[in-house]
Amino acid sequence: MPLVSKEKTKNFKKRGLSLRYKMVMFTSSLVITIILLVSIPLGIMMVNTQEETLAKGLEDRVSVLLDSLSTGVKAYMPSQNILELSFLPNQSNSMEEALYTTILGLPSSGINTNLDYVWASNDSSISDKIDSAELNYGVSRLTGEDITQIGNLCNQLNDTAVERVTETARGISELTTEGISLSLRNDEKSVERRDEIQSIISQLTERLTTELDSLSKEGVGSFPEYNSTSLSRENTTYLFYKPVLYRQGSEQTFVRGIVLVEIDTQELLSLVENATKNIIQVAFVIALLALFIGIIGSLTLASIIIRPIRRLAEHVQMIRNTGDKTELEGKDIIIKSNDEIGLLGENVNDMTHGLVEAAVYENMLLGGKEVQRAFLPLDMIDEVSKVKLSVGHLETDQAQFFGYYEGAKGVSGDYFDYKALDDKHYAIIKCDVSGKGSPAALIMAEVAALFCDYLKNWTFKKNGYDLSPLVYKINDHLESRNLKGKFAAFTLAIFDSVSGDLHFCNAGDNLIHIYDASEKKKKTITLPETPASGSFPSFLVEMKGGFPVKKIHLNPGDVLFLYTDGIEEAKRLYRDENYKPVRYRPGSRDLIVNLDFI
């Protein structure tokens, strides 16, 4: 035996050393995992945020440039001031990403309403994009599929503008005509009317300008579509455009020009890539530093906690090897440290005390459990020991009764019984008391005593099928105890085995289950809704209808199921001879039936 003890001690020391390495591996894995879990999402979020910020900033700067160019076009396009218009594209030089600017508009003469005539551009390759050999402002037309699509969109925008502002423009024209007719009159009334017309025209013009500016902003776009939240890596050039809307005379054409700005995003993508590389490098350095600190810390921590843990392991081993836990009394482990290891030692001592108390309580509880089984109609192992099994049965010529009971933890509040009253009548009860343990078991014992005492002198001629007096008796008895929060839900029945009739009277528990043999399926029958016994005085129950009796008929082959709990809560499965879960097959004999409580 000393040799075996030495071998165990040697193996234990080896396990102690392995714990140190396990802690190092675990700490390292944990550090790496945390770094990855934090750095990867955070890095992706930072890169996406920076990319979106840069892309949005570029979009905003393009928008400002387009607004500035649009303002200049509105100022010089009506007079076809080619000189001033030619200066406008130079504004794009303030943006490094802008490649060129081109201003399009209606032709310098004629009735053509196409918006693809070039009025100004700083595009070095403009000669390759126009329909003429040389660039002639107001005459040369810009070609390309994207220009055609932009022109179609602007025509649609013009139709929208006609719908929205035609009335306002007509009002301005009519008021202008009226004002001109009154311009040579100097009488007081004409002067007042001219002033009124001027004020109204001013308001209408402001409204018209606001509406056209709004339509101009709605018409801003790009080819291909520029998405600041998901910047494309394949396409790096975008042609931004903005329609220029203003009113000229009484014409119904409001879109009179287009500003084009081509943008290159290569520089922006380079900034995003550099930021990604910087984030990866920083995360890698932090990961190495954190891993080094984690390894040193885990080695130090393992050295500190292994020694008292070894003592605790030896003490727990001693507890495990002690068969009779009552012998553990007084065998405490002493850990002098005041940290968590010391707290663990105190908890082990508390656990030891609990095992001792549980062992003593278990010895007492086993006796209480056997006493509770005495109330139930369960079969005995033999006539000598008088120890009851978990099952019971009663077979007659007309009916078969089967019961099964197993308390979840020692004694419980579940109770059932079936007993013969005469040659064809049988009394049945199924009861479930609120709560668990000894309090519920005591109430269950009282219900059982009242049930047995009432049926001791039962005769059909004197009592009949009316079980409500027994229900009232149990209700009054429990209610008089003033047990707060305690009640008993039960179902009583008298079964006529000759006719197959069941007469139910229930308190609280109003669901019963029947297997219909003719239809080969289970049915749920709802009894009248009544309060559980012990909840209310009987006179209050009578005001709500009392405890009525309901008749149910069973045909030959039908099965009545009464259970308190455990059926729905059961997690055990039907299994075959190899202990593998299988579906239940009616009539099969090779299944191991595992249920909790019935």
# chains A, B, ... in the order shown; residues from 1 in each chain; ligands from 1
$ residues_around --residues "segment 142-157 of chain A" --least-positions-apart "2" --cutoff "6 Å" --atoms "only C-alpha atoms" --output "JSON, numbers by chain"
{"A": [116, 129, 130, 159, 160]}
$ select_by_dssp --residues "segment 17-175 of chain A" --states "strand (DSSP E or B)" --output "ChimeraX atom specification"
/A:98-105,117-121,130,141-142
$ closest_residue --among "A:Leu442, A:Ala399, A:Ile474, A:Val348" --to "Asn555 of chain A" --atoms "only C-alpha atoms"
A:Ala399
$ select_by_dssp --residues "segment 418-515 of chain A" --states "helix (DSSP H, G or I)" --output "NGL selection string"
:A and (437-455 or 460-463 or 468-480)
$ closest_residue --among "A:Gln400, A:Ile295, A:Ala445, A:Asp476" --to "Tyr21 of chain A" --atoms "only C-alpha atoms"
A:Ile295
$ atom_distance --atom1 "atom CA of Pro41 of chain A" --atom2 "atom CA of Gly57 of chain A"
23.6 Å
$ residues_around --residues "Leu554 of chain A" --least-positions-apart "4" --cutoff "7 Å" --atoms "only C-alpha atoms" --output "list in words"
Gly500, Asp501 and Asp558 of chain A
$ write_last_selection --atoms "N, CA, C and O atoms" --output "short mmCIF file (atom, residue, chain, number, x, y, z; two decimals), in the first residue's frame"
data_model
loop_
_atom_site.label_atom_id
_atom_site.label_comp_id
_atom_site.auth_asym_id
_atom_site.auth_seq_id
_atom_site.Cartn_x
_atom_site.Cartn_y
_atom_site.Cartn_z
N GLY A 500 -69.84 1.27 -17.53
CA GLY A 500 -68.75 2.04 -18.11
C GLY A 500 -68.87 3.53 -17.84
O GLY A 500 -68.14 4.32 -18.44
N ASP A 501 -69.75 3.94 -16.93
CA ASP A 501 -69.94 5.37 -16.63
C ASP A 501 -68.99 5.81 -15.53
O ASP A 501 -68.76 5.09 -14.55
N ASP A 558 -61.44 1.35 -24.00
CA ASP A 558 -61.00 2.72 -23.72
C ASP A 558 -60.10 2.74 -22.48
O ASP A 558 -60.19 1.88 -21.61
#
$ atom_distance --atom1 "atom CA of Lys436 of chain A" --atom2 "atom CA of Asp414 of chain A"
9.0 Å
$ residues_around --residues "Ile512 of chain A" --least-positions-apart "6" --cutoff "9 Å" --atoms "only C-alpha atoms" --output "count of residues only"
10
